[in-house]
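Read the structure below first, then the notes.
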Amino acid sequence: MRCPHCGSEQCQVVADTQVETKGYGAGKGCCGFIIFGWVGLLCGLCGSGKTKSSTQHYWVCHNCGNKFRL
Ligand SMILES: [Zn+2]
């Protein structure tokens, strides 16, 4: 993997795990509705009461310290 910033191959993949609990709130849904319309409202409903654990992988360049996703 080459760093897109400096072109170095001194890059290492790093896993970042985030656990977030999502609950559907009226305010949240309204915000989604205002910004994204009906799609946002549905997104708010879909995320109701679910605990989501997401692991994100990204690369760190040891040469310049740049972080980037694939
Ligand atoms: Zn770099």
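Identifiers in the structure tokens: chain A, B, ... in order shown; residue index from 1 per chain; ligand index from 1 in order shown.
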Self-check item: At most 10 Å from ligand 1 (only C-alpha atoms and all ligand atoms): residue list as a PyMOL selection string
Solution: chain A and resi 2-11+59-68
Output of the above residues as a JSON list (two decimals), in the first residue's frame, restricted to N, CA and C atoms:
```json
[["chain", "number", "residue", "atom", "x", "y", "z"],
["A", 2, "ARG", "N", 0.59, 2.13, -0.92],
["A", 2, "ARG", "CA", 1.35, 3.37, -0.99],
["A", 2, "ARG", "C", 0.55, 4.51, -0.37],
["A", 3, "CYS", "N", 1.26, 5.35, 0.30],
["A", 3, "CYS", "CA", 0.63, 6.55, 0.85],
["A", 3, "CYS", "C", 0.28, 7.51, -0.28],
["A", 4, "PRO", "N", -0.96, 7.95, -0.33],
["A", 4, "PRO", "CA", -1.35, 8.87, -1.40],
["A", 4, "PRO", "C", -0.76, 10.26, -1.21],
["A", 5, "HIS", "N", -0.25, 10.50, -0.01],
["A", 5, "HIS", "CA", 0.29, 11.83, 0.28],
["A", 5, "HIS", "C", 1.75, 11.96, -0.16],
["A", 6, "CYS", "N", 2.55, 10.97, 0.25],
["A", 6, "CYS", "CA", 3.98, 11.08, -0.03],
["A", 6, "CYS", "C", 4.50, 9.94, -0.89],
["A", 7, "GLY", "N", 3.67, 8.92, -1.13],
["A", 7, "GLY", "CA", 4.09, 7.83, -2.01],
["A", 7, "GLY", "C", 4.92, 6.76, -1.32],
["A", 8, "SER", "N", 5.13, 6.90, 0.00],
["A", 8, "SER", "CA", 5.90, 5.92, 0.76],
["A", 8, "SER", "C", 5.12, 4.62, 0.93],
["A", 9, "GLU", "N", 5.85, 3.52, 0.99],
["A", 9, "GLU", "CA", 5.19, 2.24, 1.22],
["A", 9, "GLU", "C", 5.27, 1.83, 2.69],
["A", 10, "GLN", "N", 5.75, 2.72, 3.53],
["A", 10, "GLN", "CA", 5.84, 2.45, 4.96],
["A", 10, "GLN", "C", 4.48, 2.70, 5.61],
["A", 11, "CYS", "N", 3.48, 1.92, 5.22],
["A", 11, "CYS", "CA", 2.14, 2.13, 5.73],
["A", 11, "CYS", "C", 1.66, 0.91, 6.50],
["A", 59, "TRP", "N", -5.34, 3.27, 7.10],
["A", 59, "TRP", "CA", -3.90, 3.13, 6.98],
["A", 59, "TRP", "C", -3.20, 4.34, 7.58],
["A", 60, "VAL", "N", -2.07, 4.07, 8.20],
["A", 60, "VAL", "CA", -1.26, 5.15, 8.73],
["A", 60, "VAL", "C", 0.10, 5.08, 8.06],
["A", 61, "CYS", "N", 0.50, 6.19, 7.54],
["A", 61, "CYS", "CA", 1.81, 6.27, 6.89],
["A", 61, "CYS", "C", 2.86, 6.62, 7.93],
["A", 62, "HIS", "N", 3.90, 5.79, 8.02],
["A", 62, "HIS", "CA", 4.95, 6.04, 9.00],
["A", 62, "HIS", "C", 5.92, 7.11, 8.54],
["A", 63, "ASN", "N", 5.85, 7.40, 7.29],
["A", 63, "ASN", "CA", 6.77, 8.40, 6.75],
["A", 63, "ASN", "C", 6.31, 9.82, 7.03],
["A", 64, "CYS", "N", 5.02, 10.07, 6.75],
["A", 64, "CYS", "CA", 4.53, 11.43, 6.91],
["A", 64, "CYS", "C", 3.39, 11.52, 7.93],
["A", 65, "GLY", "N", 2.94, 10.38, 8.46],
["A", 65, "GLY", "CA", 1.89, 10.40, 9.46],
["A", 65, "GLY", "C", 0.49, 10.55, 8.90],
["A", 66, "ASN", "N", 0.37, 10.46, 7.61],
["A", 66, "ASN", "CA", -0.92, 10.62, 6.96],
["A", 66, "ASN", "C", -1.83, 9.42, 7.24],
["A", 67, "LYS", "N", -3.08, 9.70, 7.53],
["A", 67, "LYS", "CA", -4.06, 8.63, 7.72],
["A", 67, "LYS", "C", -5.00, 8.64, 6.52],
["A", 68, "PHE", "N", -5.28, 7.46, 6.03],
["A", 68, "PHE", "CA", -6.18, 7.40, 4.88],
["A", 68, "PHE", "C", -6.92, 6.08, 4.85]]
```
